[in-house]
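Undergrad: Okay, so here is target-v3.cif, and as you'll see once you scroll down, it has mmCIF, C-alpha atoms.
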data_query
#
loop_
_atom_site.label_atom_id
_atom_site.label_comp_id
_atom_site.auth_asym_id
_atom_site.auth_seq_id
_atom_site.Cartn_x
_atom_site.Cartn_y
_atom_site.Cartn_z
CA MET A 1 49.50 -39.13 -14.23
CA LYS A 2 46.73 -36.66 -15.18
CA THR A 3 47.38 -32.94 -15.11
CA PRO A 4 45.14 -31.16 -12.60
CA GLN A 5 42.57 -28.90 -14.22
CA ARG A 6 42.55 -25.26 -13.37
CA VAL A 7 39.27 -24.68 -11.52
CA PHE A 8 39.94 -21.14 -10.38
CA PRO A 9 39.28 -19.22 -13.66
CA GLY A 10 35.94 -20.97 -14.23
CA THR A 11 34.84 -20.51 -10.64
CA PHE A 12 35.89 -16.87 -10.68
CA ALA A 13 33.96 -16.24 -13.92
CA LEU A 14 30.87 -17.87 -12.42
CA PHE A 15 31.21 -15.68 -9.33
CA ILE A 16 31.46 -12.53 -11.48
CA VAL A 17 28.33 -13.48 -13.44
CA PHE A 18 26.45 -14.15 -10.19
CA ALA A 19 27.59 -10.83 -8.66
CA LEU A 20 26.56 -8.88 -11.77
CA GLY A 21 23.16 -10.59 -11.65
CA LEU A 22 22.67 -9.48 -8.05
CA ILE A 23 23.61 -5.91 -8.88
CA ALA A 24 21.27 -5.87 -11.87
CA SER A 25 18.36 -7.29 -9.86
CA SER A 26 18.82 -4.75 -7.07
CA ASN A 27 18.87 -1.95 -9.65
CA CYS A 28 15.66 -3.34 -11.16
CA TYR A 29 14.02 -3.24 -7.71
CA ALA A 30 15.04 0.38 -7.26
CA GLU A 31 13.72 1.32 -10.69
CA LYS A 32 10.42 -0.58 -10.41
CA HIS A 33 9.49 0.25 -6.79
CA LYS A 34 8.67 3.77 -5.68
CA HIS A 35 7.65 4.59 -2.14
CA ILE A 36 4.86 7.16 -1.65
CA ASN A 37 4.60 9.25 1.52
CA PRO A 38 2.48 12.38 0.90
CA ALA A 39 2.65 13.43 4.56
CA GLY A 40 6.36 12.71 4.92
CA GLY A 41 5.89 9.24 6.40
CA LYS A 42 4.41 10.44 9.73
CA GLY A 43 7.37 8.87 11.53
CA LEU A 44 5.94 5.37 11.02
CA PRO A 45 8.06 2.35 10.04
CA PHE A 46 6.34 1.86 6.67
CA SER A 47 5.41 3.76 3.50
CA ASP A 48 1.87 5.00 2.79
CA GLY A 49 2.15 3.35 -0.61
CA VAL A 50 4.50 1.39 -2.84
CA ILE A 51 4.35 1.34 -6.63
CA ALA A 52 5.52 -1.92 -8.22
CA GLY A 53 5.25 -1.70 -12.00
CA LYS A 54 1.69 -0.55 -12.76
CA THR A 55 0.36 -1.55 -9.32
CA LEU A 56 0.04 0.68 -6.25
CA TYR A 57 -0.26 -0.94 -2.82
CA VAL A 58 -1.66 1.49 -0.26
CA THR A 59 -1.10 0.88 3.44
CA GLY A 60 -4.28 0.54 5.48
CA GLN A 61 -5.45 4.05 6.32
CA GLU A 62 -7.51 4.85 9.38
CA GLY A 63 -9.66 7.94 9.73
CA SER A 64 -7.04 10.21 11.21
CA ASP A 65 -5.44 13.56 10.45
CA GLU A 66 -1.76 14.10 9.55
CA LYS A 67 -0.84 14.14 13.25
CA GLY A 68 -2.46 10.73 13.79
CA LYS A 69 -5.49 12.01 15.73
CA LEU A 70 -8.71 10.14 14.89
CA ALA A 71 -11.52 12.17 13.36
CA THR A 72 -14.29 12.95 15.84
CA GLY A 73 -17.91 12.29 14.99
CA GLY A 74 -18.07 8.50 14.77
CA ILE A 75 -17.82 6.10 11.87
CA ALA A 76 -18.99 8.60 9.21
CA ALA A 77 -16.24 11.11 10.09
CA GLU A 78 -13.59 8.38 10.33
CA THR A 79 -14.68 6.88 6.99
CA ARG A 80 -14.45 10.26 5.28
CA ALA A 81 -10.98 10.91 6.76
CA ALA A 82 -9.74 7.41 5.84
CA LEU A 83 -10.90 7.77 2.23
CA GLU A 84 -9.37 11.27 2.03
CA ASN A 85 -6.06 9.80 3.27
CA ILE A 86 -6.31 7.13 0.55
CA GLN A 87 -7.02 9.83 -2.06
CA LYS A 88 -3.85 11.72 -1.08
CA VAL A 89 -1.69 8.63 -1.59
CA ILE A 90 -3.40 7.66 -4.84
CA LYS A 91 -3.17 11.16 -6.34
CA THR A 92 0.47 11.56 -5.25
CA ALA A 93 1.24 8.28 -7.02
CA GLY A 94 -0.66 9.35 -10.18
CA PHE A 95 -3.38 6.68 -9.86
CA GLU A 96 -7.21 6.85 -9.71
CA MET A 97 -9.73 6.03 -6.95
CA SER A 98 -11.49 3.31 -8.92
CA ASP A 99 -9.73 0.08 -8.14
CA ILE A 100 -9.77 -2.60 -5.43
CA VAL A 101 -10.64 -1.73 -1.84
CA THR A 102 -10.77 -3.64 1.45
CA VAL A 103 -12.60 -2.09 4.40
CA TYR A 104 -11.99 -3.25 7.97
CA LEU A 105 -14.64 -2.25 10.53
CA ALA A 106 -14.31 -2.58 14.29
CA ASP A 107 -18.10 -3.10 14.42
CA ILE A 108 -19.95 -4.52 11.41
CA GLN A 109 -23.13 -2.89 12.78
CA GLU A 110 -21.66 0.42 11.52
CA PHE A 111 -21.65 -0.88 7.94
CA GLY A 112 -24.65 1.25 6.86
CA ASP A 113 -23.17 4.52 8.13
CA MET A 114 -19.77 3.70 6.59
CA ASN A 115 -21.40 2.75 3.29
CA LYS A 116 -23.28 6.08 2.98
CA VAL A 117 -20.02 8.04 3.09
CA TYR A 118 -18.25 5.47 0.90
CA LYS A 119 -20.90 5.88 -1.83
CA GLU A 120 -20.47 9.68 -1.77
CA ILE A 121 -16.70 9.59 -2.19
CA MET A 122 -15.97 6.59 -4.41
CA PRO A 123 -16.31 7.20 -8.16
CA ASP A 124 -18.55 5.31 -10.58
CA PRO A 125 -18.16 2.59 -11.55
CA LYS A 126 -17.58 1.55 -7.95
CA PRO A 127 -14.47 -0.57 -7.34
CA ALA A 128 -14.53 -4.14 -6.09
CA ARG A 129 -14.62 -4.18 -2.28
CA ALA A 130 -14.53 -6.47 0.71
CA THR A 131 -15.78 -5.36 4.12
CA ILE A 132 -14.55 -7.26 7.15
CA GLN A 133 -15.14 -6.90 10.88
CA ALA A 134 -11.86 -6.85 12.78
CA ALA A 135 -11.62 -7.62 16.49
CA ALA A 136 -9.51 -4.51 17.03
CA LEU A 137 -7.85 -1.80 14.95
CA VAL A 138 -4.76 0.27 15.75
CA ASN A 139 -5.42 3.42 17.85
CA ASN A 140 -8.94 2.16 18.61
CA ALA A 141 -9.98 3.27 15.13
CA ARG A 142 -13.49 2.38 13.98
CA ILE A 143 -12.36 1.81 10.36
CA GLU A 144 -9.27 1.04 8.28
CA VAL A 145 -9.24 1.06 4.48
CA SER A 146 -6.67 -0.71 2.31
CA VAL A 147 -6.29 -0.32 -1.47
CA ILE A 148 -4.58 -2.01 -4.40
CA ALA A 149 -4.77 0.16 -7.52
CA VAL A 150 -3.74 -0.87 -11.03
CA LYS A 151 -2.92 1.70 -13.72
CA GLN A 152 -4.35 0.91 -17.14
#
So that I can check it, write out the structure of this file as structure tokens.

TA:
Amino acid sequence: MKTPQRVFPGTFALFIVFALGLIASSNCYAEKHKHINPAGGKGLPFSDGVIAGKTLYVTGQEGSDEKGKLATGGIAAETRAALENIQKVIKTAGFEMSDIVTVYLADIQEFGDMNKVYKEIMPDPKPARATIQAAALVNNARIEVSVIAVKQ
């Protein structure tokens, strides 16, 4: 009759290796991901930005003040406020305003007015950009701007 093999020590060792791997990977996440909230998070269930390695992902920013009130004066005022909100996140994170941008407009007919302000604020060379008309934006905003920035 064969002697039964002892499975427990091998299984236990495998479990320990797996557990250490999980701990190491969670520590790597904590070290590589930094959450940016220049205005203290505004009580919202997300961060204004997250740094992952050399990449900063900025939450879509509408043209509002720190209390969440939309800028008055139409698309130009909202565009300026949205880009200023983006600048706060980018500067807090130590990045520059010259990377990839996506602009969501509630009405594509306001593209020209938005673009005038955009040209004033965005540095040269201008970043890549997409502009999209959205059926509706949160808080009845006229514009929302989203950014992905990569540090060189």

Undergrad: Determine the residue set returned by the PyMOL selection byres ((chain A and resi 127-142) around 9) for the present structure, and present it as a PyMOL selection string.

TA: chain A and resi 62-64+68-70+74-75+78-79+97-108+110-111+122-126+143-144

Undergrad: What is the distance between CA of Thr92 (chain A) and CA of Pro45 (chain A), in Å to one decimal?

TA: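 Between these atoms lies a distance of 19.4 Å.
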
Undergrad: In Å to one decimal, how far is CA of Ser146 (chain A) from CA of Gly60 (chain A)?

TA: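 Computing the Euclidean distance for CA of Gly60 (chain A) and CA of Ser146 (chain A) yields 4.2 Å.
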
Undergrad: If the PyMOL selection byres ((chain A and resi 54) around 12) were run on this exact file, what residues would it hold? Put them as a ChimeraX atom specification.

TA: /A:32-34,50-53,55-57,93-96,148-152

Undergrad: Rounded to one decimal in Å, what is the spacing between CA of Ser47 (chain A) and CA of His35 (chain A)?

TA: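 Between CA of Ser47 (chain A) and CA of His35 (chain A) the gap works out to 6.1 Å.
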
Undergrad: In terms of the shortest atom-to-atom distance over only C-alpha atoms, which of A:Lys67, A:Thr72, A:Val58, A:Phe46 is closest to Lys91 (chain A)?

TA: A:Val58

Undergrad: So, with all atoms listed in the file as the atoms that count, which of A:Val147, A:Val89, A:Ala71, A:Lys119 lies closest to Asn37 (chain A)?

TA: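 Nearest to Asn37 (chain A): A:Val89.
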
Undergrad: Please return as a PyMOL selection string every residue within 7 Å of (-7.3, 11.7, 7.5), taking into account only C-alpha atoms and the file's own coordinates.

TA: chain A and resi 63-66+81-82+84-85
